[in-house]
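Reproduced below: run_23.cif, with mmCIF, C-alpha atoms.
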data_query
loop_
_atom_site.group_PDB
_atom_site.id
_atom_site.type_symbol
_atom_site.label_atom_id
_atom_site.label_comp_id
_atom_site.auth_asym_id
_atom_site.auth_seq_id
_atom_site.Cartn_x
_atom_site.Cartn_y
_atom_site.Cartn_z
ATOM 1 C CA MET P 1 0.000 0.000 0.000
ATOM 2 C CA ASP P 2 1.156 3.525 -0.809
ATOM 3 C CA THR P 3 2.813 5.132 2.247
ATOM 4 C CA THR P 4 0.572 8.196 2.358
ATOM 5 C CA ARG P 5 -2.545 6.101 1.803
ATOM 6 C CA GLN P 6 -1.497 3.931 4.740
ATOM 7 C CA GLN P 7 -1.012 7.059 6.859
ATOM 8 C CA ILE P 8 -4.618 8.059 6.168
ATOM 9 C CA VAL P 9 -5.821 4.539 6.993
ATOM 10 C CA ASP P 10 -3.891 4.634 10.273
ATOM 11 C CA SER P 11 -5.253 8.095 11.105
ATOM 12 C CA ILE P 12 -8.830 6.932 10.527
ATOM 13 C CA LYS P 13 -8.285 3.926 12.777
ATOM 14 C CA ALA P 14 -6.751 6.117 15.487
ATOM 15 C CA ASN P 15 -9.432 8.834 15.562
ATOM 16 C CA SER P 16 -13.178 8.896 16.143
ATOM 17 C CA ASN P 17 -14.295 12.385 15.077
ATOM 18 C CA VAL P 18 -13.774 12.767 11.333
ATOM 19 C CA LEU P 19 -14.740 15.641 9.050
ATOM 20 C CA VAL P 20 -15.009 14.856 5.326
ATOM 21 C CA THR P 21 -15.089 17.830 2.986
ATOM 22 C CA VAL P 22 -14.622 18.842 -0.641
ATOM 23 C CA SER P 23 -13.583 21.857 -2.701
ATOM 24 C CA ASP P 24 -15.646 25.004 -3.239
ATOM 25 C CA SER P 25 -16.674 23.797 -6.718
ATOM 26 C CA PRO P 26 -16.720 20.005 -6.469
ATOM 27 C CA SER P 27 -17.338 17.579 -9.293
ATOM 28 C CA VAL P 28 -19.823 14.723 -9.158
ATOM 29 C CA ASP P 29 -16.814 12.491 -8.525
ATOM 30 C CA GLU P 30 -15.722 14.530 -5.468
ATOM 31 C CA LEU P 31 -19.176 14.593 -3.927
ATOM 32 C CA SER P 32 -19.800 10.902 -4.590
ATOM 33 C CA ALA P 33 -16.467 9.965 -2.999
ATOM 34 C CA ALA P 34 -17.165 12.156 0.057
ATOM 35 C CA LEU P 35 -20.685 10.792 0.448
ATOM 36 C CA GLY P 36 -19.649 7.157 0.203
ATOM 37 C CA LEU P 37 -16.679 7.625 2.540
ATOM 38 C CA THR P 38 -18.767 9.368 5.210
ATOM 39 C CA ILE P 39 -21.369 6.601 5.260
ATOM 40 C CA LEU P 40 -18.609 3.977 5.355
ATOM 41 C CA LEU P 41 -16.885 5.669 8.314
ATOM 42 C CA ASN P 42 -20.127 5.919 10.257
ATOM 43 C CA ASN P 43 -20.665 2.220 9.622
ATOM 44 C CA LEU P 44 -17.278 1.727 11.289
ATOM 45 C CA ASP P 45 -18.676 3.494 14.388
ATOM 46 C CA LYS P 46 -16.780 6.691 13.671
ATOM 47 C CA ARG P 47 -18.473 10.062 14.199
ATOM 48 C CA ALA P 48 -18.062 11.225 10.621
ATOM 49 C CA THR P 49 -19.588 14.420 9.238
ATOM 50 C CA ALA P 50 -19.539 15.557 5.598
ATOM 51 C CA VAL P 51 -19.674 19.316 4.982
ATOM 52 C CA PHE P 52 -20.583 20.958 1.674
ATOM 53 C CA SER P 53 -22.284 24.366 1.562
ATOM 54 C CA GLY P 54 -22.967 24.612 -2.177
ATOM 55 C CA ALA P 55 -25.833 23.457 -4.331
ATOM 56 C CA ILE P 56 -26.083 19.695 -4.761
ATOM 57 C CA PRO P 57 -25.983 18.830 -8.494
ATOM 58 C CA PRO P 58 -29.127 17.093 -9.763
ATOM 59 C CA ALA P 59 -26.979 14.244 -11.107
ATOM 60 C CA ILE P 60 -26.518 12.771 -7.608
ATOM 61 C CA SER P 61 -29.935 13.541 -6.120
ATOM 62 C CA PHE P 62 -30.782 9.829 -6.360
ATOM 63 C CA LEU P 63 -28.018 9.179 -3.798
ATOM 64 C CA GLU P 64 -29.979 11.276 -1.266
ATOM 65 C CA PRO P 65 -27.007 13.528 -0.414
ATOM 66 C CA ASP P 66 -29.131 15.750 1.853
ATOM 67 C CA LYS P 67 -29.177 12.904 4.367
ATOM 68 C CA THR P 68 -25.371 12.951 4.566
ATOM 69 C CA PHE P 69 -24.061 16.468 3.855
ATOM 70 C CA GLU P 70 -24.199 19.338 6.361
ATOM 71 C CA ASN P 71 -24.063 22.835 4.877
ATOM 72 C CA THR P 72 -22.286 24.387 7.886
ATOM 73 C CA ALA P 73 -19.720 23.301 10.449
ATOM 74 C CA ASP P 74 -22.006 24.263 13.358
ATOM 75 C CA SER P 75 -22.882 20.684 14.282
ATOM 76 C CA LEU P 76 -19.204 20.002 14.953
ATOM 77 C CA ARG P 77 -19.017 22.372 17.928
ATOM 78 C CA ASP P 78 -19.640 21.579 21.580
ATOM 79 C CA PHE P 79 -22.432 23.471 23.325
ATOM 80 C CA ILE P 80 -21.384 24.589 26.805
ATOM 81 C CA ILE P 81 -23.621 25.188 29.823
ATOM 82 C CA ALA P 82 -21.734 26.959 32.624
ATOM 83 C CA LEU P 83 -22.743 27.327 36.280
ATOM 84 C CA ASP P 84 -20.977 28.707 39.348
ATOM 85 C CA LYS P 85 -19.504 25.613 40.979
ATOM 86 C CA GLU P 86 -20.372 26.932 44.436
ATOM 87 C CA LYS P 87 -24.061 26.573 43.558
ATOM 88 C CA ALA P 88 -23.925 22.964 42.356
ATOM 89 C CA ASP P 89 -23.695 19.821 44.460
ATOM 90 C CA HIS P 90 -23.643 17.229 41.665
ATOM 91 C CA LEU P 91 -24.861 16.553 38.120
ATOM 92 C CA ARG P 92 -26.513 13.643 36.382
ATOM 93 C CA TYR P 93 -28.289 13.061 33.082
ATOM 94 C CA LYS P 94 -31.025 10.767 31.873
ATOM 95 C CA VAL P 95 -32.227 9.829 28.404
ATOM 96 C CA ASP P 96 -35.996 10.142 28.450
ATOM 97 C CA GLY P 97 -37.417 9.102 25.085
ATOM 98 C CA ASP P 98 -36.026 11.538 22.496
ATOM 99 C CA VAL P 99 -34.819 13.969 25.171
ATOM 100 C CA VAL P 100 -31.622 14.100 27.227
ATOM 101 C CA LYS P 101 -32.377 15.620 30.625
ATOM 102 C CA ILE P 102 -29.580 17.180 32.680
ATOM 103 C CA PHE P 103 -30.221 17.310 36.421
ATOM 104 C CA ILE P 104 -28.322 19.792 38.600
ATOM 105 C CA THR P 105 -28.647 19.334 42.339
ATOM 106 C CA PRO P 106 -28.099 22.746 43.970
ATOM 107 C CA TYR P 107 -25.873 23.260 46.974
ATOM 108 C CA ARG P 108 -27.597 25.328 49.707
ATOM 109 C CA THR P 109 -29.362 27.522 47.167
ATOM 110 C CA THR P 110 -32.027 27.545 44.497
ATOM 111 C CA LEU P 111 -31.272 27.647 40.794
ATOM 112 C CA SER P 112 -32.972 29.298 37.824
ATOM 113 C CA ARG P 113 -32.105 29.859 34.171
ATOM 114 C CA ASP P 114 -30.456 33.138 35.202
ATOM 115 C CA ASP P 115 -27.723 31.116 36.913
ATOM 116 C CA LEU P 116 -26.769 29.396 33.662
ATOM 117 C CA GLU P 117 -24.483 30.697 30.900
ATOM 118 C CA PHE P 118 -24.526 29.266 27.390
ATOM 119 C CA SER P 119 -21.703 29.366 24.853
ATOM 120 C CA GLN P 120 -20.189 27.555 21.878
ATOM 121 C CA GLY P 121 -17.160 25.377 22.547
ATOM 122 C CA ASP P 122 -14.354 24.028 20.396
ATOM 123 C CA TYR P 123 -14.868 22.076 17.201
ATOM 124 C CA ASN P 124 -14.998 18.358 17.845
ATOM 125 C CA VAL P 125 -12.768 17.282 14.960
ATOM 126 C CA GLU P 126 -9.684 15.091 15.198
ATOM 127 C CA LEU P 127 -9.171 14.275 11.524
ATOM 128 C CA VAL P 128 -10.106 16.192 8.363
ATOM 129 C CA ILE P 129 -10.191 14.320 5.046
ATOM 130 C CA ALA P 130 -10.311 16.862 2.201
ATOM 131 C CA ILE P 131 -11.195 15.274 -1.151
ATOM 132 C CA GLY P 132 -10.080 17.113 -4.286
ATOM 133 C CA VAL P 133 -8.953 20.253 -2.398
ATOM 134 C CA LYS P 134 -5.800 21.932 -3.775
ATOM 135 C CA ASP P 135 -5.204 24.490 -1.006
ATOM 136 C CA GLN P 136 -7.035 26.493 1.664
ATOM 137 C CA ASP P 137 -8.386 28.962 -0.911
ATOM 138 C CA HIS P 138 -9.942 26.009 -2.725
ATOM 139 C CA LEU P 139 -11.728 24.754 0.413
ATOM 140 C CA ASP P 140 -15.506 24.774 0.726
ATOM 141 C CA LYS P 141 -16.693 28.136 2.038
ATOM 142 C CA ALA P 142 -18.319 26.565 5.109
ATOM 143 C CA LEU P 143 -14.845 25.628 6.358
ATOM 144 C CA ALA P 144 -12.612 28.280 4.801
ATOM 145 C CA ALA P 145 -13.405 30.722 7.628
ATOM 146 C CA HIS P 146 -12.701 28.178 10.360
ATOM 147 C CA GLY P 147 -8.934 27.944 10.340
ATOM 148 C CA LYS P 148 -8.952 26.584 13.888
ATOM 149 C CA ILE P 149 -10.393 23.296 12.643
ATOM 150 C CA LEU P 150 -7.481 22.835 10.254
ATOM 151 C CA HIS P 151 -4.994 23.982 12.894
ATOM 152 C CA ASP P 152 -6.147 21.624 15.639
ATOM 153 C CA ALA P 153 -6.896 18.501 13.589
ATOM 154 C CA THR P 154 -4.799 16.222 11.420
ATOM 155 C CA VAL P 155 -5.530 17.188 7.811
ATOM 156 C CA ALA P 156 -5.303 14.573 5.056
ATOM 157 C CA THR P 157 -5.931 15.310 1.381
ATOM 158 C CA VAL P 158 -6.861 12.993 -1.488
ATOM 159 C CA THR P 159 -6.180 14.219 -5.038
ATOM 160 C CA ALA P 160 -6.082 12.536 -8.450
ATOM 161 C CA GLY P 161 -4.854 13.402 -11.939
ATOM 162 C CA ASN P 162 -2.849 16.613 -12.217
ATOM 163 C CA ASP P 163 -4.319 18.239 -9.096
ATOM 164 C CA LYS P 164 -1.875 17.995 -6.200
ATOM 165 C CA SER P 165 -2.618 19.567 -2.812
ATOM 166 C CA SER P 166 -0.676 21.729 -0.368
ATOM 167 C CA LEU P 167 -3.413 21.782 2.284
ATOM 168 C CA GLY P 168 -2.748 18.790 4.480
ATOM 169 C CA THR P 169 -0.038 17.280 6.611
ATOM 170 C CA ILE P 170 -0.791 14.007 4.819
ATOM 171 C CA ASP P 171 -1.136 14.462 1.058
ATOM 172 C CA TRP P 172 -2.100 11.386 -0.939
ATOM 173 C CA HIS P 173 -1.891 12.020 -4.671
ATOM 174 C CA ASP P 174 -2.313 9.447 -7.422
ATOM 175 C CA GLY P 175 -1.698 10.838 -10.889
ATOM 176 C CA ALA P 176 -2.730 7.540 -12.500
ATOM 177 C CA ALA P 177 -6.105 7.255 -10.760
ATOM 178 C CA SER P 178 -9.192 7.588 -12.916
ATOM 179 C CA SER P 179 -11.064 9.395 -10.188
ATOM 180 C CA LEU P 180 -11.174 10.358 -6.543
ATOM 181 C CA SER P 181 -13.823 7.699 -6.014
ATOM 182 C CA GLU P 182 -11.361 5.072 -7.233
ATOM 183 C CA MET P 183 -8.851 6.284 -4.651
ATOM 184 C CA VAL P 184 -11.403 6.227 -1.832
ATOM 185 C CA VAL P 185 -12.411 2.658 -2.746
ATOM 186 C CA SER P 186 -8.740 1.779 -2.393
ATOM 187 C CA LEU P 187 -8.739 3.557 0.974
ATOM 188 C CA ALA P 188 -11.740 1.513 2.065
ATOM 189 C CA ASP P 189 -9.868 -1.638 1.100
ATOM 190 C CA GLY P 190 -7.202 -0.736 3.664
ATOM 191 C CA LEU P 191 -9.854 -0.318 6.371
ATOM 192 C CA LYS P 192 -11.681 -3.583 5.893
ATOM 193 C CA GLY P 193 -11.573 -6.162 8.632
ATOM 194 C CA ASP P 194 -13.382 -9.452 8.999
ATOM 195 C CA LYS P 195 -16.589 -8.235 7.376
ATOM 196 C CA PRO P 196 -17.096 -6.420 4.048
ATOM 197 C CA LEU P 197 -17.382 -2.621 4.236
ATOM 198 C CA LEU P 198 -19.023 -2.042 0.864
ATOM 199 C CA ASP P 199 -22.806 -2.275 0.780
ATOM 200 C CA GLU P 200 -25.262 -1.273 -1.954
ATOM 201 C CA GLN P 201 -25.493 2.378 -0.882
ATOM 202 C CA ILE P 202 -21.755 2.947 -0.515
ATOM 203 C CA SER P 203 -20.858 1.019 -3.671
ATOM 204 C CA THR P 204 -23.427 2.920 -5.727
ATOM 205 C CA ALA P 205 -21.975 6.239 -4.517
ATOM 206 C CA PHE P 206 -18.415 5.232 -5.421
ATOM 207 C CA LEU P 207 -19.409 3.817 -8.807
ATOM 208 C CA THR P 208 -21.296 7.052 -9.550
ATOM 209 C CA GLY P 209 -18.052 9.001 -9.159
ATOM 210 C CA ILE P 210 -16.130 6.557 -11.324
ATOM 211 C CA VAL P 211 -18.743 6.472 -14.121
ATOM 212 C CA SER P 212 -18.893 10.285 -14.122
ATOM 213 C CA ALA P 213 -15.117 10.792 -14.171
ATOM 214 C CA THR P 214 -14.562 8.226 -16.931
ATOM 215 C CA ASP P 215 -17.619 9.304 -18.973
ATOM 216 C CA ARG P 216 -19.043 5.806 -18.691
ATOM 217 C CA PHE P 217 -15.634 4.123 -19.160
ATOM 218 C CA SER P 218 -15.054 5.798 -22.515
ATOM 219 C CA ASN P 219 -12.345 8.434 -21.936
ATOM 220 C CA ASP P 220 -8.588 8.172 -21.443
ATOM 221 C CA ARG P 221 -8.951 7.917 -17.659
ATOM 222 C CA THR P 222 -10.272 4.399 -18.069
ATOM 223 C CA THR P 223 -7.772 1.742 -16.982
ATOM 224 C CA SER P 224 -7.851 -1.976 -16.348
ATOM 225 C CA ARG P 225 -7.535 -1.219 -12.632
ATOM 226 C CA VAL P 226 -10.703 0.875 -12.518
ATOM 227 C CA MET P 227 -12.583 -1.655 -14.641
ATOM 228 C CA THR P 228 -11.788 -4.398 -12.149
ATOM 229 C CA MET P 229 -12.831 -2.098 -9.314
ATOM 230 C CA ALA P 230 -16.129 -1.311 -11.058
ATOM 231 C CA ALA P 231 -16.870 -5.020 -11.296
ATOM 232 C CA GLN P 232 -16.192 -5.377 -7.552
ATOM 233 C CA LEU P 233 -18.520 -2.482 -6.748
ATOM 234 C CA MET P 234 -21.303 -4.004 -8.827
ATOM 235 C CA ALA P 235 -20.740 -7.320 -7.087
ATOM 236 C CA ALA P 236 -21.246 -5.437 -3.801
ATOM 237 C CA GLY P 237 -24.591 -4.112 -5.017
ATOM 238 C CA ALA P 238 -23.888 -0.932 -7.009
ATOM 239 C CA ASN P 239 -26.708 -0.248 -9.463
ATOM 240 C CA GLN P 240 -24.820 0.737 -12.629
ATOM 241 C CA GLN P 241 -27.922 1.016 -14.791
ATOM 242 C CA LEU P 242 -29.495 3.530 -12.405
ATOM 243 C CA ILE P 243 -26.213 5.456 -12.198
ATOM 244 C CA ALA P 244 -25.792 5.717 -15.962
ATOM 245 C CA ALA P 245 -29.426 6.720 -16.446
ATOM 246 C CA LYS P 246 -29.295 9.467 -13.804
ATOM 247 C CA LEU P 247 -25.959 10.892 -14.971
ATOM 248 C CA GLU P 248 -27.103 10.905 -18.588
ATOM 249 C CA GLU P 249 -30.406 12.520 -17.586
ATOM 250 C CA ALA P 250 -28.482 15.298 -15.824
ATOM 251 C CA HIS P 251 -26.128 15.672 -18.821
ATOM 252 C CA ASP P 252 -23.127 14.689 -16.697
ATOM 253 C CA ILE P 253 -22.106 11.970 -19.168
ATOM 254 C CA GLU P 254 -22.621 11.626 -22.904
ATOM 255 C CA PRO P 255 -25.531 9.489 -24.128
ATOM 256 C CA ARG P 256 -24.406 5.974 -25.015
ATOM 257 C CA SER P 257 -24.369 5.328 -28.749
ATOM 258 C CA GLY P 258 -25.409 2.005 -30.180
ATOM 259 C CA GLY P 259 -21.886 0.655 -30.550
ATOM 260 C CA ALA P 260 -20.561 1.561 -27.110
ATOM 261 C CA SER P 261 -20.449 -0.854 -24.211
ATOM 262 C CA SER P 262 -22.456 -0.289 -21.072
ATOM 263 C CA ALA P 263 -20.794 -0.046 -17.657
ATOM 264 C CA SER P 264 -21.733 -3.622 -16.863
ATOM 265 C CA ASP P 265 -20.333 -4.882 -20.172
ATOM 266 C CA THR P 266 -16.961 -3.219 -19.683
ATOM 267 C CA ALA P 267 -16.693 -4.051 -16.001
ATOM 268 C CA THR P 268 -17.462 -7.693 -16.683
ATOM 269 C CA GLU P 269 -14.793 -7.683 -19.378
ATOM 270 C CA ALA P 270 -12.269 -6.564 -16.772
ATOM 271 C CA THR P 271 -12.788 -9.718 -14.774
ATOM 272 C CA LYS P 272 -12.127 -11.890 -17.832
ATOM 273 C CA ALA P 273 -9.109 -10.236 -19.434
ATOM 274 C CA ASP P 274 -5.557 -9.660 -18.326
ATOM 275 C CA ALA P 275 -4.545 -6.001 -18.137
ATOM 276 C CA SER P 276 -2.447 -6.284 -21.280
ATOM 277 C CA GLU P 277 -5.406 -7.729 -23.179
ATOM 278 C CA LEU P 278 -8.126 -5.321 -22.001
ATOM 279 C CA SER P 279 -9.858 -3.368 -24.743
ATOM 280 C CA ILE P 280 -12.465 -0.716 -23.992
ATOM 281 C CA ALA P 281 -15.208 -0.660 -26.624
ATOM 282 C CA ARG P 282 -15.883 2.735 -28.186
ATOM 283 C CA SER P 283 -18.360 3.788 -30.821
ATOM 284 C CA ASP P 284 -15.637 5.094 -33.139
ATOM 285 C CA ARG P 285 -13.609 1.866 -33.086
ATOM 286 C CA LYS P 286 -14.042 -0.238 -36.208
#

Can you dump the structure from the file as structure tokens?
Amino acid sequence: MDTTRQQIVDSIKANSNVLVTVSDSPSVDELSAALGLTILLNNLDKRATAVFSGAIPPAISFLEPDKTFENTADSLRDFIIALDKEKADHLRYKVDGDVVKIFITPYRTTLSRDDLEFSQGDYNVELVIAIGVKDQDHLDKALAAHGKILHDATVATVTAGNDKSSLGTIDWHDGAASSLSEMVVSLADGLKGDKPLLDEQISTAFLTGIVSATDRFSNDRTTSRVMTMAAQLMAAGANQQLIAAKLEEAHDIEPRSGGASSASDTATEATKADASELSIARSDRK
């Protein structure tokens, strides 16, 4: 495993509070990778939060991104209730249905709301994973103003193609990767234990990013490695027909001509052919 990729894997294993974010103008690939990674981390019992303050592109609405993305960093902060210690004997709390009740036993006095002070505390973030972010100026606006988060947490970046990053202390760049989603699938592979991490929802998110970035496996980003990975994602439950239909409907990928292979055709081919023998079908190939 690549050294920097392993550093990110180790950081995820070592920390519980993880913030996943993207650039200020993310692609479908970026958002799909962030969405899938956040769900995967929460399935690992991490407290993972994805932050993106921009408009969600219609192409990924079928992934229900509103259930995963927060548009501010506010939920990452502690809320503090302060009380003069001389007035309190002890504290306890109780979960009562959907409510958490905090009980304060007073010490030789009576208490009212006037005795309490409320304030915002520090951000509860130990690790930031920035996907497709080149530098701090390229960061989503919801986080760009909160330099303290980046200062206090370990910052890891994931970039593909020609876009390297100077943001993080751990910078994982793969110039040969077809997409950021491909890289995050590889990251997930390093996190797996005794049970599989990829389910239908996560796999569909990752395959959405890959299909978008490769224009349905038809551009020069398409490699034998990503074809094999696509087949694995479909085996885990990714719905490639739904993905292709939604991306084409949103004009994120070109319509498939009669002579071009579908995602399932090309991904299946990857499991049959050696890398040196792989041929990606295109409509202009005779």

Q: Give as a ChimeraX atom specification the residues that the PyMOL selection byres ((chain P and resi 136-149) around 9) matches when applied to the coordinates above.
A: /P:21-26,51-54,71-73,122-126,128,130,133-135,150-153,166-167

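Compared by their closest atoms to P:Ala188, and using only C-alpha atoms, the residues P:Thr154, P:Asp29, P:Leu233, P:Leu91 rank with P:Leu233 nearest.
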
Using all atoms listed in the file, what table do you get, as CSV, when you list each residue of stretch 110-205 of chain P with an atom no more than 8 Å from stretch 219-227 of chain P, its nearest pair of atoms, and their distance in Å rounded to one decimal, rows by chain then rising number?
residue,atom,partner,partner_atom,distance
P:Ala177,CA,P:Arg221,CA,7.5
P:Ser178,CA,P:Arg221,CA,4.8
P:Ser179,CA,P:Arg221,CA,7.9
P:Glu182,CA,P:Val226,CA,6.8

Q | Closest of P:Ala238, P:Ala82, P:Val100, P:Ala205 to P:Phe62 - atom-to-atom distances counting all atoms listed in the file | A |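 Checking each of P:Ala238, P:Ala82, P:Val100, P:Ala205 against P:Phe62, counting all atoms listed in the file, the winner is P:Ala205.
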
Q) For P:Ala213, which residue among P:Gly193, P:Arg113, P:Ile39, P:Asp252 is the nearest when counting all atoms listed in the file? A)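 Checking each of P:Gly193, P:Arg113, P:Ile39, P:Asp252 against P:Ala213, counting all atoms listed in the file, the winner is P:Asp252.
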
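Considering the residues P:Tyr93, P:Ser119, P:Leu127, P:Tyr107 and counting only C-alpha atoms, P:Ile12 has its shortest atom-to-atom contact with P:Leu127.
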
Q: Evaluate the PyMOL selection byres ((chain P and resi 57) around 10) here and jot the selected residues down as a PyMOL selection string.
A: chain P and resi 26-28+31+54-56+58-61+65+250+252

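Interatomic distance, atom CA of P:Leu37 to atom CA of P:Pro255: 28.2 Å.
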
Q.
One number please: atom CA of P:Leu35 to atom CA of P:Phe206, in Å, one decimal.
A. 8.4 Å

Q: Give me, please, the distance in Å between atom CA of P:Glu30 and atom CA of P:Ile170, quoted to one decimal.
A: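 Distance reported for this atom pair: 18.1 Å.
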
Q: List the neighbours of P:Arg92 out to 10 Å using only C-alpha atoms; skip same-chain residues closer than 3 positions along the sequence, and give me the result as a PyMOL selection string.
A: chain P and resi 101-105

Can I get the selected residues back with C-alpha atoms, as a PDB file, keeping the file's coordinate frame?
ATOM      1  CA  LYS P 101     -32.377  15.620  30.625  1.00  0.00           C
ATOM      2  CA  ILE P 102     -29.580  17.180  32.680  1.00  0.00           C
ATOM      3  CA  PHE P 103     -30.221  17.310  36.421  1.00  0.00           C
ATOM      4  CA  ILE P 104     -28.322  19.792  38.600  1.00  0.00           C
ATOM      5  CA  THR P 105     -28.647  19.334  42.339  1.00  0.00           C
TER       6      THR P 105
END

Taking all atoms of stretch 245-249 of chain P that the file lists, what box with edges along x, y and z, padded by 6 Å per side, do you get, with centre and edge lengths in Å to one decimal, as JSON?
{"center_x": -28.2, "center_y": 9.6, "center_z": -16.2, "size_x": 16.4, "size_y": 17.8, "size_z": 16.8}

Restrict the calculation to all atoms listed in the file, then for each residue of stretch 29-119 of chain P with any atom at most 10 Å from an atom of stretch 13-18 of chain P give the closest atom pair and their distance in Å to one decimal, rows by chain and rising residue number, as a Markdown table.
| residue | atom | partner | partner_atom | distance |
| --- | --- | --- | --- | --- |
| P:Thr38 | CA | P:Val18 | CA | 8.6 |
| P:Leu41 | CA | P:Val18 | CA | 8.3 |
| P:Asn42 | CA | P:Val18 | CA | 9.4 |
| P:Leu44 | CA | P:Lys13 | CA | 9.4 |
| P:Asp45 | CA | P:Ser16 | CA | 7.9 |
| P:Lys46 | CA | P:Ser16 | CA | 4.9 |
| P:Arg47 | CA | P:Asn17 | CA | 4.9 |
| P:Ala48 | CA | P:Val18 | CA | 4.6 |
| P:Thr49 | CA | P:Val18 | CA | 6.4 |
| P:Ala50 | CA | P:Val18 | CA | 8.6 |
| P:Leu76 | CA | P:Asn17 | CA | 9.1 |

Q: Find the residue from P:Ala236, P:Ala156, P:Leu247, P:Leu242 that sits nearest to P:Thr4; use only C-alpha atoms when measuring.
A: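 Result for the nearest residue to P:Thr4: P:Ala156.
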
Q: Just give me the residues with any atom within 12 Å of (-30.8, 6.0, -18.7), file coordinates, counting only C-alpha atoms, written as a list of chain:residue names.
A: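 Taken together, the residues in range are P:Ala59, P:Arg216, P:Asn239, P:Gln240, P:Gln241, P:Leu242, P:Ile243, P:Ala244, P:Ala245, P:Lys246, P:Leu247, P:Glu248, P:Glu249, P:Ala250, P:His251, P:Asp252, P:Ile253, P:Glu254, P:Pro255, P:Arg256, P:Ser257, P:Ser262, P:Ala263.
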
(Q) I'd like to know which of P:Arg77, P:Lys195, P:Lys85, P:Arg5 is closest to P:His173, using all atoms listed in the file. (A) P:Arg5

Q: Apply the PyMOL selection byres ((chain P and resi 118) around 9) to the structure shown and report the selected residues as a ChimeraX atom specification.
A: /P:79-82,116-117,119-120

Could you complete stretch 197-209 of chain P so that it carries N, CA and C atoms, and give it back as a compact mmCIF listing (two decimals), in the frame of the given file?
# COMPACT_ATOMS: atom_id res chain seq x y z
N LEU P 197 -16.97 -3.99 3.94
CA LEU P 197 -17.38 -2.62 4.24
C LEU P 197 -18.32 -2.07 3.18
N LEU P 198 -18.26 -2.60 1.97
CA LEU P 198 -19.02 -2.04 0.86
C LEU P 198 -20.42 -2.67 0.79
N ASP P 199 -21.44 -1.82 0.97
CA ASP P 199 -22.81 -2.28 0.78
C ASP P 199 -23.38 -1.62 -0.47
N GLU P 200 -24.66 -1.80 -0.73
CA GLU P 200 -25.26 -1.27 -1.95
C GLU P 200 -25.19 0.25 -2.02
N GLN P 201 -25.48 0.92 -0.91
CA GLN P 201 -25.49 2.38 -0.88
C GLN P 201 -24.10 2.96 -1.11
N ILE P 202 -23.12 2.44 -0.40
CA ILE P 202 -21.76 2.95 -0.52
C ILE P 202 -21.18 2.64 -1.90
N SER P 203 -21.39 1.43 -2.36
CA SER P 203 -20.86 1.02 -3.67
C SER P 203 -21.47 1.83 -4.80
N THR P 204 -22.76 2.13 -4.70
CA THR P 204 -23.43 2.92 -5.73
C THR P 204 -22.86 4.34 -5.74
N ALA P 205 -22.58 4.90 -4.58
CA ALA P 205 -21.98 6.24 -4.52
C ALA P 205 -20.61 6.25 -5.19
N PHE P 206 -19.76 5.28 -4.85
CA PHE P 206 -18.42 5.23 -5.42
C PHE P 206 -18.46 4.99 -6.94
N LEU P 207 -19.33 4.10 -7.37
CA LEU P 207 -19.41 3.82 -8.81
C LEU P 207 -19.96 5.03 -9.57
N THR P 208 -20.80 5.82 -8.93
CA THR P 208 -21.30 7.05 -9.55
C THR P 208 -20.13 7.98 -9.87
N GLY P 209 -19.22 8.15 -8.92
CA GLY P 209 -18.05 9.00 -9.16
C GLY P 209 -17.18 8.47 -10.28
